[in-house]
$ cat upload.cif   # mmCIF, C-alpha atoms
data_input
#
loop_
_atom_site.label_atom_id
_atom_site.label_comp_id
_atom_site.auth_asym_id
_atom_site.auth_seq_id
_atom_site.Cartn_x
_atom_site.Cartn_y
_atom_site.Cartn_z
CA MET A 1 200.03 66.07 79.89
CA ILE A 2 200.30 67.91 83.19
CA VAL A 3 202.92 67.45 85.89
CA LEU A 4 202.35 68.84 89.40
CA PRO A 5 205.53 68.34 91.49
CA GLN A 6 203.59 69.11 94.70
CA GLY A 7 200.57 67.08 93.69
CA ALA A 8 196.99 68.36 93.47
CA GLY A 9 197.48 70.20 96.74
CA GLY A 10 195.40 68.29 99.27
CA VAL A 11 196.72 67.31 102.70
CA LEU A 12 194.34 64.53 103.78
CA GLY A 13 192.01 62.30 101.81
CA ASP A 14 192.28 60.41 98.54
CA ALA A 15 195.71 59.81 97.04
CA TYR A 16 194.80 61.44 93.73
CA ALA A 17 194.10 64.64 95.65
CA THR A 18 197.09 64.46 98.00
CA ALA A 19 200.00 62.42 96.64
CA ALA A 20 202.99 64.13 95.07
CA PRO A 21 204.09 64.36 92.40
CA TYR A 22 200.99 64.10 90.22
CA GLN A 23 201.31 63.41 86.50
CA GLY A 24 198.45 62.78 84.11
CA SER A 25 197.40 62.97 80.49
CA GLY A 26 194.30 64.96 81.48
CA ASP A 27 193.50 68.08 83.45
CA ILE A 28 192.50 68.53 87.10
CA TRP A 29 189.35 70.51 87.91
CA TYR A 30 188.87 71.85 91.43
CA VAL A 31 185.49 72.22 93.15
CA ALA A 32 184.95 73.90 96.52
CA THR A 33 182.22 75.42 98.64
CA GLY A 34 182.29 79.12 97.80
CA GLY A 35 183.76 78.58 94.34
CA THR A 36 182.46 80.20 91.16
CA ASP A 37 181.02 78.31 88.20
CA ALA A 38 182.17 79.35 84.76
CA ALA A 39 183.05 77.75 81.45
CA SER A 40 186.46 76.18 80.79
CA PRO A 41 189.25 76.99 81.59
CA ALA A 42 187.69 78.07 84.89
CA GLY A 43 188.34 75.47 87.60
CA LYS A 44 191.87 74.47 86.60
CA ASP A 45 193.40 76.76 89.23
CA ARG A 46 193.21 75.48 92.80
CA GLN A 47 192.94 79.07 94.02
CA LYS A 48 189.90 79.68 91.77
CA PRO A 49 187.73 76.56 92.08
CA LEU A 50 184.32 75.86 90.62
CA ALA A 51 181.22 75.75 92.83
CA THR A 52 179.52 72.55 91.62
CA ILE A 53 180.37 69.08 90.43
CA GLY A 54 177.99 69.63 87.51
CA GLN A 55 180.08 72.49 86.14
CA ALA A 56 183.24 70.47 86.64
CA HIS A 57 181.73 67.64 84.60
CA THR A 58 180.76 70.11 81.86
CA ASN A 59 184.28 71.54 81.70
CA ALA A 60 186.08 68.19 81.92
CA ALA A 61 187.03 65.78 79.14
CA ASN A 62 187.59 62.03 79.13
CA GLY A 63 190.62 61.15 81.25
CA ASP A 64 190.40 64.19 83.54
CA THR A 65 190.24 64.30 87.34
CA ILE A 66 187.78 66.30 89.44
CA VAL A 67 189.02 67.17 92.93
CA LEU A 68 186.36 67.94 95.53
CA MET A 69 188.27 70.08 98.01
CA ASP A 70 188.33 69.59 101.76
CA GLY A 71 185.00 70.62 103.30
CA TYR A 72 183.19 70.82 99.97
CA ALA A 73 179.43 70.29 100.38
CA GLU A 74 176.77 70.35 97.68
CA THR A 75 173.08 69.53 97.89
CA ARG A 76 171.46 68.47 94.62
CA THR A 77 167.81 68.16 93.63
CA THR A 78 168.48 66.45 90.28
CA GLN A 79 170.58 63.50 89.17
CA LEU A 80 173.87 64.30 87.41
CA SER A 81 174.69 61.90 84.59
CA ILE A 82 178.45 61.28 84.41
CA THR A 83 178.94 60.58 80.72
CA LYS A 84 182.74 60.89 80.64
CA SER A 85 185.56 58.70 81.90
CA LEU A 86 186.67 60.54 85.04
CA VAL A 87 188.19 60.23 88.47
CA ILE A 88 186.24 62.13 91.15
CA SER A 89 188.60 62.48 94.10
CA GLY A 90 187.68 63.87 97.51
CA GLU A 91 190.08 65.72 99.76
CA GLY A 92 189.84 65.66 103.52
CA THR A 93 188.90 63.20 106.23
CA ALA A 94 187.70 63.63 109.80
CA GLY A 95 187.09 60.79 112.23
CA GLY A 96 187.61 58.30 109.41
CA VAL A 97 184.85 59.87 107.28
CA PRO A 98 185.41 61.94 104.12
CA THR A 99 184.80 65.68 104.47
CA ALA A 100 183.77 66.22 100.84
CA ARG A 101 180.06 65.45 100.66
CA LEU A 102 177.19 65.19 98.21
CA SER A 103 173.62 65.32 99.53
CA SER A 104 170.23 64.79 97.91
CA ASN A 105 167.16 66.93 98.55
CA SER A 106 164.79 65.25 96.14
CA ALA A 107 161.79 62.96 96.50
CA ALA A 108 162.42 61.05 93.28
CA ALA A 109 165.94 61.60 91.93
CA GLY A 110 169.37 60.17 92.61
CA LEU A 111 172.64 62.04 92.91
CA LEU A 112 174.97 60.53 90.31
CA GLN A 113 174.42 58.22 87.36
CA PHE A 114 177.54 56.60 85.89
CA VAL A 115 177.24 56.21 82.13
CA GLY A 116 180.95 56.75 81.50
CA VAL A 117 183.68 54.82 83.30
CA CYS A 118 183.99 56.65 86.59
CA TYR A 119 186.10 56.19 89.71
CA ILE A 120 184.69 58.00 92.76
CA ARG A 121 186.95 58.14 95.80
CA ASN A 122 186.72 59.46 99.36
CA VAL A 123 183.29 61.13 99.20
CA TYR A 124 180.62 61.16 101.94
CA PHE A 125 176.97 60.56 100.98
CA PRO A 126 174.63 61.47 103.88
CA THR A 127 171.08 60.20 104.21
CA ASN A 128 168.56 61.93 101.95
CA ILE A 129 167.15 65.20 103.27
CA GLN A 130 163.60 64.25 102.29
CA SER A 131 161.95 60.91 101.70
CA ASN A 132 163.24 59.54 98.41
CA ASN A 133 161.92 56.56 96.41
CA PHE A 134 164.22 56.74 93.37
CA VAL A 135 165.09 53.12 92.58
CA GLY A 136 168.66 53.90 91.50
CA GLY A 137 169.74 55.20 94.90
CA LYS A 138 172.46 57.79 95.41
CA ILE A 139 174.78 56.31 92.77
CA GLN A 140 173.35 54.39 89.81
CA ILE A 141 175.75 52.48 87.56
CA VAL A 142 174.01 51.94 84.24
CA SER A 143 175.50 48.75 82.77
CA THR A 144 178.85 50.54 82.55
CA ASN A 145 181.95 48.40 82.93
CA ASN A 146 184.91 48.88 85.29
CA CYS A 147 183.49 51.61 87.53
CA GLN A 148 184.95 51.94 91.02
CA ILE A 149 183.79 53.23 94.40
CA VAL A 150 186.76 53.62 96.76
CA GLY A 151 186.94 55.01 100.28
CA CYS A 152 183.36 56.37 100.23
CA TYR A 153 180.86 56.51 103.09
CA PHE A 154 177.13 55.96 102.59
CA GLU A 155 174.58 56.77 105.29
CA CYS A 156 171.25 55.03 104.75
CA GLY A 157 168.40 56.39 106.86
CA PRO A 158 164.60 56.48 107.04
CA ASN A 159 164.43 58.81 104.02
CA ASP A 160 166.30 56.27 101.85
CA GLN A 161 163.48 54.08 100.59
CA THR A 162 165.65 52.15 98.13
CA CYS A 163 169.37 51.31 97.93
CA ALA A 164 172.37 53.62 98.25
CA VAL A 165 174.25 52.22 95.23
CA GLU A 166 172.59 50.35 92.36
CA VAL A 167 174.69 48.34 89.90
CA GLN A 168 172.52 47.45 86.94
CA ALA A 169 172.34 44.19 85.00
CA GLY A 170 175.17 43.23 82.70
CA THR A 171 177.85 45.28 84.43
CA VAL A 172 181.38 43.88 84.20
CA GLY A 173 184.29 44.66 86.50
CA PHE A 174 182.58 46.82 89.14
CA ARG A 175 184.82 47.34 92.18
CA ALA A 176 183.95 48.59 95.67
CA GLU A 177 186.93 49.07 97.97
CA ASN A 178 187.38 50.35 101.53
CA SER A 179 183.88 51.85 101.54
CA THR A 180 181.14 51.80 104.17
CA TRP A 181 177.37 51.33 103.98
CA ILE A 182 175.60 51.94 107.30
CA SER A 183 171.95 52.01 108.35
CA ILE A 184 171.20 54.91 110.69
CA ALA A 185 167.46 54.17 110.91
CA THR A 186 165.99 53.84 114.39
CA SER A 187 162.66 52.21 113.53
CA VAL A 188 162.00 48.88 111.82
CA ALA A 189 159.12 50.52 109.92
CA THR A 190 161.46 53.06 108.28
CA ARG A 191 164.47 50.89 107.50
CA PRO A 192 166.31 51.56 104.21
CA VAL A 193 166.06 48.68 101.74
CA SER A 194 169.74 47.98 101.10
CA GLY A 195 173.17 49.53 100.95
CA LEU A 196 174.83 48.09 97.85
CA LYS A 197 172.58 46.33 95.34
CA VAL A 198 173.27 44.52 92.06
CA THR A 199 169.94 44.36 90.25
CA SER A 200 170.54 41.22 88.17
CA THR A 201 173.36 39.31 86.50
CA SER A 202 176.86 40.73 86.54
CA SER A 203 180.41 39.44 86.25
CA HIS A 204 183.82 40.08 87.79
CA THR A 205 182.44 42.19 90.64
CA ASN A 206 185.10 42.81 93.31
CA ILE A 207 184.22 43.95 96.85
CA VAL A 208 187.35 44.49 98.94
CA GLY A 209 187.82 45.82 102.46
CA CYS A 210 184.26 47.18 102.71
CA ILE A 211 182.08 47.56 105.79
CA PHE A 212 178.36 46.76 105.80
CA ASP A 213 176.86 47.90 109.10
CA ASP A 214 173.26 47.23 110.16
CA GLY A 215 173.34 49.84 112.90
CA THR A 216 170.35 49.71 115.27
CA VAL A 217 167.60 48.18 113.07
CA GLY A 218 169.38 47.27 109.83
CA PHE A 219 168.11 47.11 106.25
CA SER A 220 164.80 45.60 105.16
CA THR A 221 166.48 43.38 102.52
CA ALA A 222 170.24 43.20 103.09
CA SER A 223 173.18 45.51 103.59
CA CYS A 224 174.76 44.00 100.48
CA ASP A 225 172.22 42.55 98.07
CA LEU A 226 173.79 40.49 95.29
CA GLY A 227 170.91 38.02 95.29
CA ASN A 228 168.94 39.20 92.26
CA GLY A 229 170.70 37.16 89.60
CA VAL A 230 173.69 34.97 88.81
CA GLN A 231 177.00 36.61 89.70
CA THR A 232 179.91 35.24 87.68
CA ASN A 233 183.43 35.38 89.12
CA LEU A 234 182.33 37.38 92.16
CA SER A 235 185.21 38.13 94.53
CA LEU A 236 184.84 39.27 98.16
CA LEU A 237 187.99 39.87 100.21
CA ASN A 238 188.47 41.17 103.77
CA ASN A 239 184.96 42.61 104.15
CA SER A 240 183.00 43.14 107.38
CA LEU A 241 179.35 42.35 108.15
CA LEU A 242 178.69 44.26 111.36
CA LEU A 243 175.78 44.21 113.85
CA GLY A 244 173.92 41.50 111.96
CA ALA A 245 174.45 42.74 108.42
CA ASP A 246 173.47 40.26 105.69
CA LEU A 247 175.13 39.54 102.35
CA LEU A 248 172.92 37.90 99.71
CA ILE A 249 174.39 36.04 96.72
CA GLY A 250 172.26 34.77 93.83
CA SER A 251 171.89 31.03 93.37
CA SER A 252 174.19 29.35 90.80
CA SER A 253 176.70 32.20 91.21
CA THR A 254 180.43 31.52 91.06
CA TYR A 255 182.30 33.29 93.83
CA ARG A 256 185.15 33.29 96.32
CA ILE A 257 185.09 34.81 99.80
CA ALA A 258 188.12 35.23 102.06
CA GLY A 259 188.92 37.18 105.21
CA LEU A 260 185.33 37.89 106.31
CA THR A 261 184.56 39.51 109.69
CA ALA A 262 181.00 39.16 111.03
CA THR A 263 179.44 40.40 114.27
CA GLY A 264 175.95 40.31 115.79
CA GLY A 265 174.82 37.41 113.63
CA GLY A 266 176.01 38.86 110.33
CA ARG A 267 175.66 36.18 107.68
CA ILE A 268 176.01 35.19 104.04
CA VAL A 269 172.95 33.76 102.28
CA ALA A 270 173.76 32.09 98.97
#
$ encode --input "upload.cif" --output "structure tokens"
Amino acid sequence: MIVLPQGAGGVLGDAYATAAPYQGSGDIWYVATGGTDAASPAGKDRQKPLATIGQAHTNAANGDTIVLMDGYAETRTTQLSITKSLVISGEGTAGGVPTARLSSNSAAAGLLQFVGVCYIRNVYFPTNIQSNNFVGGKIQIVSTNNCQIVGCYFECGPNDQTCAVEVQAGTVGFRAENSTWISIATSVATRPVSGLKVTSTSSHTNIVGCIFDDGTVGFSTASCDLGNGVQTNLSLLNNSLLLGADLLIGSSSTYRIAGLTATGGGRIVA
């Protein structure tokens, strides 16, 4: 167990990175632009952070927390498989957008694949640097239960040929909260496919306080595509469908929706 009376040391951003005191059964690993990768115990000292999220994942154990420090930026060309149960917490925010960011510069690979139970919080995912057709998108959740995406920001542009987040069939208890999916495409011909997508059946999915924004030309399928299979006990609370954003729900699904805001013809198709 560790106890940090002053918290993890962040000023703005996710509560796990900023709130004091912090107490946990696992360790905290710090990652920052300009850090240095090395084997454990490197990365446990805020003053001596690691350079990459991949090294932090290698050093971490189940139950640990990875803090991406304010201004951290990493561009990956391969997908990192998160095989451990972790919290990935981003420090920093500017203009309502996280300052810790993960970018992809690959034509056929995602950024993160959740195989272990992972919570990712307050991280910015810009549009892909080059045209990318990887079906799993930026974050791919591989039939892993109880994963969470909280306070994250996903830009979907002309280089995003698939979805930003893919939740695969059979997933139970996925939760998206206070996160944004926005299309920044400017041409109908180069629209991204979707923001958040559930590929088939799932149960107990919760989407709370999220924003789905079609921007100028929108998505070619839907900002939030839950229409590919039966969703059981789907819950949507206080979400926004902006500038004509669509939400698709599979037929025969069981769901509840409350507190929806819609602009520009945003709609639910069930």
$ resolve_selection --input "upload.cif" --expression "the PyMOL selection byres ((chain A and resi 118-132) around 8)" --output "NGL selection string"
:A and (13-14 or 82 or 84-91 or 97-109 or 114 or 116-117 or 133-134 or 138 or 146-162)
$ resolve_selection --input "upload.cif" --expression "the PyMOL selection byres ((chain A and resi 245-248) around 7)" --output "list in words"
Phe212, Asp213, Asp214, Gly218, Ala222, Ser223, Cys224, Asp225, Leu226, Gly227, Leu241, Leu242, Leu243, Gly244, Ile249, Gly250, Gly266, Arg267, Ile268, Val269 and Ala270 of chain A
$ closest_residue --input "upload.cif" --among "A:Ile257, A:Val198, A:Thr93, A:Trp181" --to "Gln140 in chain A" --atoms "only C-alpha atoms"
A:Val198
$ residues_around --input "upload.cif" --residues "range 4-9 of chain A" --least-positions-apart "4" --cutoff "12 Å" --atoms "all atoms listed in the file" --output "ChimeraX atom specification"
/A:13-30,44-47,65-70,89-92
$ atom_distance --input "upload.cif" --atom1 "CA of Gly95 in chain A" --atom2 "CA of Arg191 in chain A"
25.1 Å
$ resolve_selection --input "upload.cif" --expression "the PyMOL selection byres ((chain A and resi 78) around 7)" --output "list in words"
Arg76, Thr77, Gln79, Leu80, Ala109, Gly110 and Leu111 of chain A
$ closest_residue --input "upload.cif" --among "A:Val193, A:Ala164, A:Ala38, A:Val172" --to "Val142 in chain A" --atoms "all atoms listed in the file"
A:Val172
$ atom_distance --input "upload.cif" --atom1 "CA of Thr201 in chain A" --atom2 "CA of Ala262 in chain A"
25.7 Å
$ atom_distance --input "upload.cif" --atom1 "CA of Val135 in chain A" --atom2 "CA of Glu166 in chain A"
8.0 Å
$ decode --input "upload.cif" --residues "range 86-114 of chain A" --atoms "N, CA and C atoms" --output "CSV table (one decimal), in the first residue's frame"
chain,number,residue,atom,x,y,z
A,86,LEU,N,-5.5,-1.8,-14.9
A,86,LEU,CA,-4.8,-0.6,-14.6
A,86,LEU,C,-5.8,0.6,-14.7
A,87,VAL,N,-5.4,1.7,-14.0
A,87,VAL,CA,-6.0,3.0,-14.3
A,87,VAL,C,-4.9,3.8,-15.0
A,88,ILE,N,-5.3,4.4,-16.1
A,88,ILE,CA,-4.4,5.3,-16.9
A,88,ILE,C,-5.0,6.7,-16.7
A,89,SER,N,-4.3,7.6,-16.0
A,89,SER,CA,-4.9,8.8,-15.6
A,89,SER,C,-4.1,10.0,-16.2
A,90,GLY,N,-4.8,10.9,-16.9
A,90,GLY,CA,-4.1,12.0,-17.5
A,90,GLY,C,-4.2,13.3,-16.7
A,91,GLU,N,-3.0,13.9,-16.5
A,91,GLU,CA,-3.0,15.2,-15.9
A,91,GLU,C,-3.3,16.3,-16.9
A,92,GLY,N,-3.7,17.5,-16.5
A,92,GLY,CA,-3.7,18.6,-17.4
A,92,GLY,C,-5.0,18.8,-18.2
A,93,THR,N,-5.4,20.0,-18.4
A,93,THR,CA,-6.5,20.3,-19.2
A,93,THR,C,-6.4,21.8,-19.7
A,94,ALA,N,-6.7,22.0,-21.0
A,94,ALA,CA,-6.7,23.3,-21.5
A,94,ALA,C,-7.9,23.5,-22.5
A,95,GLY,N,-8.7,24.6,-22.2
A,95,GLY,CA,-9.8,24.8,-23.0
A,95,GLY,C,-10.8,23.6,-23.0
A,96,GLY,N,-10.9,22.9,-21.9
A,96,GLY,CA,-11.8,21.8,-21.7
A,96,GLY,C,-11.3,20.5,-22.4
A,97,VAL,N,-10.1,20.5,-22.9
A,97,VAL,CA,-9.5,19.3,-23.6
A,97,VAL,C,-8.3,18.8,-22.8
A,98,PRO,N,-8.1,17.5,-22.6
A,98,PRO,CA,-7.0,17.0,-21.9
A,98,PRO,C,-5.7,17.4,-22.6
A,99,THR,N,-4.6,17.6,-21.8
A,99,THR,CA,-3.3,18.0,-22.4
A,99,THR,C,-2.4,16.8,-22.6
A,100,ALA,N,-2.7,15.6,-21.9
A,100,ALA,CA,-2.0,14.4,-22.2
A,100,ALA,C,-2.6,13.8,-23.4
A,101,ARG,N,-1.7,13.4,-24.4
A,101,ARG,CA,-2.2,12.9,-25.7
A,101,ARG,C,-1.5,11.7,-26.2
A,102,LEU,N,-2.2,10.9,-26.9
A,102,LEU,CA,-1.7,9.7,-27.6
A,102,LEU,C,-2.1,9.8,-29.0
A,103,SER,N,-1.1,9.8,-29.9
A,103,SER,CA,-1.4,9.9,-31.4
A,103,SER,C,-0.9,8.6,-32.1
A,104,SER,N,-1.6,8.3,-33.2
A,104,SER,CA,-1.2,7.2,-34.1
A,104,SER,C,-0.6,7.7,-35.4
A,105,ASN,N,0.5,7.1,-35.8
A,105,ASN,CA,1.1,7.3,-37.1
A,105,ASN,C,1.3,6.0,-37.8
A,106,SER,N,0.2,5.3,-38.0
A,106,SER,CA,0.2,4.0,-38.6
A,106,SER,C,-0.9,3.9,-39.6
A,107,ALA,N,-0.7,3.1,-40.7
A,107,ALA,CA,-1.7,2.9,-41.7
A,107,ALA,C,-2.7,1.8,-41.3
A,108,ALA,N,-2.2,0.9,-40.4
A,108,ALA,CA,-3.1,-0.3,-40.1
A,108,ALA,C,-2.9,-0.8,-38.7
A,109,ALA,N,-2.8,0.1,-37.7
A,109,ALA,CA,-2.7,-0.4,-36.3
A,109,ALA,C,-3.4,0.6,-35.5
A,110,GLY,N,-4.0,0.1,-34.4
A,110,GLY,CA,-4.6,1.0,-33.4
A,110,GLY,C,-3.6,1.5,-32.4
A,111,LEU,N,-4.1,2.2,-31.4
A,111,LEU,CA,-3.2,2.7,-30.3
A,111,LEU,C,-3.2,1.8,-29.1
A,112,LEU,N,-4.4,1.5,-28.5
A,112,LEU,CA,-4.5,0.7,-27.3
A,112,LEU,C,-5.5,-0.4,-27.5
A,113,GLN,N,-5.2,-1.6,-27.0
A,113,GLN,CA,-6.1,-2.7,-27.0
A,113,GLN,C,-6.3,-3.1,-25.5
A,114,PHE,N,-7.5,-3.1,-25.0
A,114,PHE,CA,-7.7,-3.5,-23.7
A,114,PHE,C,-8.1,-5.0,-23.6
